[in-house]
>>> print(open('work_2.cif').read())   # mmCIF, C-alpha atoms
data_entry
loop_
_atom_site.label_atom_id
_atom_site.label_comp_id
_atom_site.auth_asym_id
_atom_site.auth_seq_id
_atom_site.Cartn_x
_atom_site.Cartn_y
_atom_site.Cartn_z
CA MET A 18 -39.65 253.23 21.34
CA PRO A 19 -38.70 256.24 19.15
CA THR A 20 -35.10 256.56 18.01
CA PHE A 21 -33.37 259.67 16.77
CA GLN A 22 -30.19 260.21 14.79
CA GLY A 23 -27.64 262.99 14.39
CA LYS A 24 -24.06 263.62 13.50
CA THR A 25 -23.25 263.54 17.19
CA ILE A 26 -24.97 262.21 20.28
CA GLN A 27 -25.97 265.74 21.27
CA ALA A 28 -27.37 266.39 17.80
CA ALA A 29 -29.41 263.17 18.02
CA ILE A 30 -30.74 264.19 21.46
CA ASP A 31 -31.65 267.69 20.21
CA ALA A 32 -33.51 266.15 17.29
CA GLY A 33 -35.47 263.97 19.64
CA LEU A 34 -36.34 266.83 22.00
CA ALA A 35 -37.54 268.93 19.09
CA SER A 36 -39.66 266.08 17.78
CA MET A 37 -41.20 265.28 21.18
CA GLN A 38 -41.47 268.99 22.15
CA VAL A 39 -40.10 268.44 25.63
CA GLU A 40 -37.24 269.73 27.76
CA ARG A 41 -34.09 267.73 28.42
CA ASP A 42 -34.96 266.94 32.04
CA ALA A 43 -38.27 265.42 30.90
CA VAL A 44 -36.65 262.43 29.16
CA ASN A 45 -34.26 259.58 29.79
CA VAL A 46 -31.62 259.08 27.07
CA GLU A 47 -30.24 255.73 25.94
CA VAL A 48 -27.37 255.85 23.40
CA LEU A 49 -27.70 253.05 20.83
CA ASN A 50 -24.81 254.15 18.66
CA ALA A 51 -22.20 256.78 19.39
CA GLY A 52 -21.60 257.21 15.65
CA LYS A 53 -18.36 257.30 13.65
CA ARG A 54 -16.81 260.19 11.78
CA GLY A 55 -15.28 257.91 9.15
CA PHE A 56 -12.35 258.81 6.91
CA LEU A 57 -12.76 260.90 3.80
CA GLY A 58 -16.46 260.25 4.02
CA PHE A 59 -16.13 256.51 4.12
CA GLY A 60 -17.43 254.46 7.06
CA ARG A 61 -19.34 257.34 8.64
CA GLN A 62 -22.17 256.31 10.98
CA ALA A 63 -24.79 258.57 12.55
CA ALA A 64 -25.22 258.68 16.31
CA GLU A 65 -28.48 257.07 17.39
CA VAL A 66 -30.36 257.48 20.65
CA THR A 67 -33.72 256.61 22.15
CA LEU A 68 -35.66 259.05 24.30
CA THR A 69 -38.28 257.99 26.82
CA LEU A 70 -40.37 260.32 28.95
CA VAL A 71 -39.54 260.42 32.64
CA PRO A 72 -42.58 259.05 34.53
CA LYS A 73 -44.43 261.75 36.40
CA PRO A 74 -44.62 261.07 40.13
CA GLU A 75 -48.01 260.01 41.40
CA PRO A 76 -49.62 262.75 43.47
CA ALA A 77 -49.44 261.95 47.13
CA PRO A 78 -52.83 261.06 48.56
CA ALA A 79 -54.42 263.94 50.36
CA VAL A 80 -54.00 263.64 54.08
CA ALA A 81 -56.64 265.28 56.17
CA ASP A 82 -55.33 267.71 58.73
CA PRO A 83 -55.45 266.15 62.16
CA ALA A 84 -58.29 267.43 64.24
CA PRO A 85 -57.07 270.12 66.61
CA GLU A 86 -56.69 268.92 70.12
CA ALA A 87 -59.31 270.23 72.45
CA PRO A 88 -57.79 272.64 74.95
CA ALA A 89 -57.29 271.10 78.34
CA PRO A 90 -60.00 272.24 80.71
CA SER A 91 -58.80 274.85 83.13
CA VAL A 92 -58.44 273.52 86.64
CA ARG A 93 -60.25 275.64 89.20
CA ASP A 94 -58.63 275.89 92.58
CA ASP A 95 -59.88 278.04 95.47
CA ALA A 96 -56.50 278.50 97.16
CA THR A 97 -54.84 279.66 93.93
CA ALA A 98 -57.79 281.92 93.11
CA LEU A 99 -57.63 283.57 96.54
CA ALA A 100 -53.89 284.07 96.15
CA HIS A 101 -54.54 285.81 92.83
CA VAL A 102 -57.15 288.01 94.51
CA GLN A 103 -54.67 289.02 97.20
CA SER A 104 -52.03 289.77 94.57
CA PHE A 105 -54.58 291.82 92.61
CA LEU A 106 -55.43 293.88 95.70
CA THR A 107 -51.77 294.50 96.53
CA GLU A 108 -50.82 295.55 93.00
CA THR A 109 -53.94 297.67 92.42
CA THR A 110 -53.66 299.65 95.65
CA LYS A 111 -49.93 300.11 95.01
CA ALA A 112 -50.80 301.61 91.61
CA MET A 113 -53.18 303.95 93.46
CA GLY A 114 -50.22 305.19 95.49
CA LEU A 115 -51.37 303.46 98.68
CA ASN A 116 -49.29 301.30 100.99
CA VAL A 117 -51.73 298.50 101.85
CA THR A 118 -51.38 295.09 103.45
CA ALA A 119 -54.17 292.52 103.36
CA GLU A 120 -54.80 289.56 105.62
CA GLN A 121 -57.18 286.82 104.55
CA HIS A 122 -59.76 285.30 106.90
CA GLN A 123 -62.31 282.66 105.95
CA SER A 124 -65.49 281.74 107.78
CA GLY A 125 -67.67 279.21 106.02
CA ASN A 126 -68.32 280.52 102.52
CA ASP A 127 -67.26 284.08 103.39
CA VAL A 128 -63.70 285.28 102.80
CA THR A 129 -62.70 288.64 104.26
CA PHE A 130 -59.59 290.50 103.20
CA GLN A 131 -58.80 292.78 106.13
CA MET A 132 -56.84 295.65 104.62
CA THR A 133 -54.56 297.90 106.61
CA THR A 134 -53.31 301.31 105.48
CA ASP A 135 -52.55 304.72 106.94
CA GLN A 136 -54.87 306.28 104.34
CA ASP A 137 -58.22 304.67 105.13
CA ALA A 138 -60.31 307.47 103.61
CA LEU A 139 -58.57 307.21 100.22
CA LEU A 140 -59.04 303.45 100.09
CA ILE A 141 -62.69 303.62 101.14
CA GLY A 142 -63.70 306.52 98.91
CA LYS A 143 -66.85 308.65 99.17
CA HIS A 144 -69.73 306.48 100.45
CA GLY A 145 -67.45 303.44 100.04
CA LYS A 146 -67.24 303.70 96.24
CA ILE A 147 -63.54 302.80 96.01
CA ILE A 148 -63.54 299.82 98.33
CA ASN A 149 -66.84 298.56 96.90
CA ALA A 150 -65.46 298.76 93.36
CA LEU A 151 -62.34 296.83 94.42
CA GLN A 152 -64.55 294.27 96.15
CA TYR A 153 -66.63 293.78 93.00
CA LEU A 154 -63.51 293.24 90.89
CA ALA A 155 -62.04 290.86 93.47
CA GLN A 156 -65.28 288.86 93.53
CA THR A 157 -65.34 288.70 89.72
CA LEU A 158 -61.73 287.52 89.62
CA PHE A 159 -62.43 284.78 92.13
CA ASN A 160 -65.60 283.68 90.31
CA HIS A 161 -63.53 283.09 87.17
CA GLN A 162 -60.82 281.07 88.88
CA GLY A 163 -62.29 279.56 92.03
CA LYS A 164 -64.13 276.28 92.39
CA ARG A 165 -66.61 276.93 95.19
CA LYS A 166 -69.10 279.75 95.50
CA LEU A 167 -67.39 282.01 98.02
CA SER A 168 -68.29 285.59 98.92
CA ILE A 169 -65.37 288.03 98.89
CA LEU A 170 -65.48 290.92 101.36
CA LEU A 171 -63.00 293.79 101.68
CA ASP A 172 -62.78 295.67 104.96
CA VAL A 173 -60.64 298.50 106.31
CA GLY A 174 -60.54 298.94 110.05
CA ASP A 175 -64.12 298.73 111.30
CA TYR A 176 -65.57 300.31 108.13
CA ARG A 177 -68.04 297.51 107.35
CA GLU A 178 -69.39 297.53 110.90
CA ARG A 179 -69.85 301.28 110.85
CA ARG A 180 -71.38 301.12 107.39
CA ALA A 181 -73.86 298.45 108.48
CA THR A 182 -75.10 300.79 111.24
CA THR A 183 -75.49 303.60 108.69
CA VAL A 184 -77.37 301.33 106.28
CA GLU A 185 -79.74 300.22 109.06
CA ARG A 186 -80.57 303.87 109.77
CA LEU A 187 -81.07 304.44 106.02
CA ALA A 188 -83.50 301.52 105.90
CA GLY A 189 -85.56 302.94 108.77
CA LYS A 190 -85.60 306.45 107.25
CA SER A 191 -86.67 305.07 103.85
CA ALA A 192 -89.48 303.05 105.41
CA ARG A 193 -90.84 306.11 107.21
CA GLU A 194 -90.74 308.09 103.96
CA VAL A 195 -92.66 305.37 102.12
CA VAL A 196 -95.31 305.27 104.85
CA ALA A 197 -95.64 309.07 104.86
CA THR A 198 -95.86 309.51 101.08
CA GLY A 199 -97.27 306.20 99.91
CA LYS A 200 -94.57 306.17 97.21
CA SER A 201 -91.65 303.84 96.68
CA VAL A 202 -88.12 304.93 97.57
CA TYR A 203 -85.24 303.94 95.27
CA LEU A 204 -81.90 303.73 97.05
CA ASP A 205 -78.47 304.20 95.51
CA ALA A 206 -76.62 301.17 94.18
CA MET A 207 -74.83 299.23 96.90
CA PRO A 208 -72.98 295.91 97.26
CA ALA A 209 -74.83 292.72 98.10
CA LEU A 210 -73.82 292.81 101.77
CA GLU A 211 -75.43 296.21 102.28
CA ARG A 212 -78.54 295.24 100.32
CA LYS A 213 -78.92 292.28 102.68
CA VAL A 214 -78.83 294.68 105.63
CA ILE A 215 -81.69 296.71 104.12
CA HIS A 216 -83.75 293.58 103.43
CA ALA A 217 -83.09 292.15 106.90
CA THR A 218 -83.84 295.41 108.70
CA LEU A 219 -87.22 295.81 107.01
CA ALA A 220 -88.14 292.12 106.73
CA ASP A 221 -90.67 292.31 109.60
CA ASN A 222 -92.00 295.78 108.81
CA GLU A 223 -95.80 295.55 108.42
CA PHE A 224 -96.07 298.60 106.18
CA VAL A 225 -93.25 298.24 103.62
CA THR A 226 -91.46 295.55 101.65
CA THR A 227 -88.20 295.57 99.71
CA ARG A 228 -86.76 294.17 96.52
CA SER A 229 -83.49 294.44 94.61
CA GLU A 230 -83.38 295.61 91.01
CA GLY A 231 -80.70 296.14 88.38
CA ARG A 232 -77.46 294.27 87.79
CA ASP A 233 -74.21 294.37 89.72
CA PRO A 234 -72.34 296.58 90.30
CA TYR A 235 -75.35 298.90 89.85
CA ARG A 236 -77.92 296.78 91.70
CA TYR A 237 -80.03 298.74 94.17
CA VAL A 238 -82.88 298.30 96.67
CA VAL A 239 -86.41 299.59 96.26
CA VAL A 240 -88.48 300.16 99.42
CA LEU A 241 -92.18 300.11 98.51
CA PRO A 242 -95.53 300.12 100.27
CA LYS A 243 -96.79 296.70 101.34
CA LYS A 244 -100.20 295.90 99.94
CA GLN A 245 -102.73 295.86 102.74
CA HIS A 246 -105.47 293.21 102.62
#
>>> encode(input="work_2.cif", output="structure tokens")
Amino acid sequence: MPTFQGKTIQAAIDAGLASMQVERDAVNVEVLNAGKRGFLGFGRQAAEVTLTLVPKPEPAPAVADPAPEAPAPSVRDDATALAHVQSFLTETTKAMGLNVTAEQHQSGNDVTFQMTTDQDALLIGKHGKIINALQYLAQTLFNHQGKRKLSILLDVGDYRERRATTVERLAGKSAREVVATGKSVYLDAMPALERKVIHATLADNEFVTTRSEGRDPYRYVVVLPKKQH
């Protein structure tokens, strides 16, 4: 164990630090002799100390970060999803400047939101574009939150009934055009309910057949000549 001397304890410590080339907080000091000044030079003794390095702390073992907890699976609930759809319809039509109330009716896997307003035309839009767009968004919202596969339908007054009659006439007119020209007729995009009306109306027609093409909300019906054998 190295010892160091000096006229004073501090001088002995400084000598040791210089020799070991360390800072004061890196060593422990033990005083062996505090030294004596003596009298007229007689009996003087040097201060003597030992310096030992402070042990360096062992590095803590690396601890692996705990694995992140998997997010809890979202719980799908039809009643909550339908409530969110109703809230969406109320808030969206309010933002459109319309005063609308909606009542919910369910029959099997079909859920109809019967909407009431004193501005039917504005809510329906030209050729039903507004109400069909709202219906598509409502269906998408439910699909993300609901559990079962339910079909969402929006109606205003007797609009859907009147529209079904119009679509039936469109189906007949398109079939006659296909027969007359021998060429397929491509109808405008329409919601699934109206496409079903086209398919059903022409299902037994011996001269034409139908198919749907494209992706919602731009899916449409093609009326084409039936191959004759």
>>> atom_distance(input="work_2.cif", atom1="atom CA of Val44 of chain A", atom2="atom CA of Asp31 of chain A")
11.5 Å
>>> atom_distance(input="work_2.cif", atom1="atom CA of Val46 of chain A", atom2="atom CA of Val66 of chain A")
6.7 Å
>>> resolve_selection(input="work_2.cif", expression="the PyMOL selection byres ((chain A and resi 123) around 12)", output="number ranges by chain")
A: 95-96, 99, 120-122, 124-131, 167-171
>>> residues_around(input="work_2.cif", residues="Gly145 of chain A", least_positions_apart="6", cutoff="9 Å", atoms="only C-alpha atoms", output="list in words")
Ala138, Tyr176 and Arg180 of chain A
>>> atom_distance(input="work_2.cif", atom1="atom CA of Ala51 of chain A", atom2="atom CA of Pro19 of chain A")
16.5 Å
>>> resolve_selection(input="work_2.cif", expression="the PyMOL selection byres ((chain A and resi 161) around 12)", output="number ranges by chain")
A: 91-95, 97-99, 101-102, 154-160, 162-167
>>> write_last_selection(input="work_2.cif", atoms="C-alpha atoms", output="tab-separated table (two decimals), in the coordinates of the input")
chain	number	residue	atom	x	y	z
A	91	SER	CA	-58.80	274.85	83.13
A	92	VAL	CA	-58.44	273.52	86.64
A	93	ARG	CA	-60.25	275.64	89.20
A	94	ASP	CA	-58.63	275.89	92.58
A	95	ASP	CA	-59.88	278.04	95.47
A	97	THR	CA	-54.84	279.66	93.93
A	98	ALA	CA	-57.79	281.92	93.11
A	99	LEU	CA	-57.63	283.57	96.54
A	101	HIS	CA	-54.54	285.81	92.83
A	102	VAL	CA	-57.15	288.01	94.51
A	154	LEU	CA	-63.51	293.24	90.89
A	155	ALA	CA	-62.04	290.86	93.47
A	156	GLN	CA	-65.28	288.86	93.53
A	157	THR	CA	-65.34	288.70	89.72
A	158	LEU	CA	-61.73	287.52	89.62
A	159	PHE	CA	-62.43	284.78	92.13
A	160	ASN	CA	-65.60	283.68	90.31
A	162	GLN	CA	-60.82	281.07	88.88
A	163	GLY	CA	-62.29	279.56	92.03
A	164	LYS	CA	-64.13	276.28	92.39
A	165	ARG	CA	-66.61	276.93	95.19
A	166	LYS	CA	-69.10	279.75	95.50
A	167	LEU	CA	-67.39	282.01	98.02
>>> closest_residue(input="work_2.cif", among="A:Ala29, A:Met37, A:Ala43, A:Leu140", to="Ala63 of chain A", atoms="all atoms listed in the file")
A:Ala29
>>> closest_residue(input="work_2.cif", among="A:Thr109, A:Thr226, A:Thr218, A:Gln103", to="Val184 of chain A", atoms="all atoms listed in the file")
A:Thr218
>>> residues_around(input="work_2.cif", residues="Ile141 of chain A", least_positions_apart="2", cutoff="12 Å", atoms="all atoms listed in the file", output="NGL selection string")
:A and (110 or 115 or 132-139 or 143-152 or 171-177 or 180)
>>> closest_residue(input="work_2.cif", among="A:Met207, A:Ala220, A:Leu187, A:Ala64", to="Lys243 of chain A", atoms="only C-alpha atoms")
A:Ala220
>>> resolve_selection(input="work_2.cif", expression="the PyMOL selection byres ((chain A and resi 201) around 12)", output="list of chain:residue names")
A:Ser191, A:Ala192, A:Arg193, A:Glu194, A:Val195, A:Val196, A:Ala197, A:Thr198, A:Gly199, A:Lys200, A:Val202, A:Tyr203, A:Leu204, A:Phe224, A:Val225, A:Thr226, A:Thr227, A:Arg228, A:Val238, A:Val239, A:Val240, A:Leu241, A:Pro242, A:Lys243
>>> residues_near_point(input="work_2.cif", point="(-70.9, 295.5, 91.2)", cutoff="7 Å", atoms="only C-alpha atoms", output="NGL selection string")
:A and (150 or 153 or 208 or 233-235)
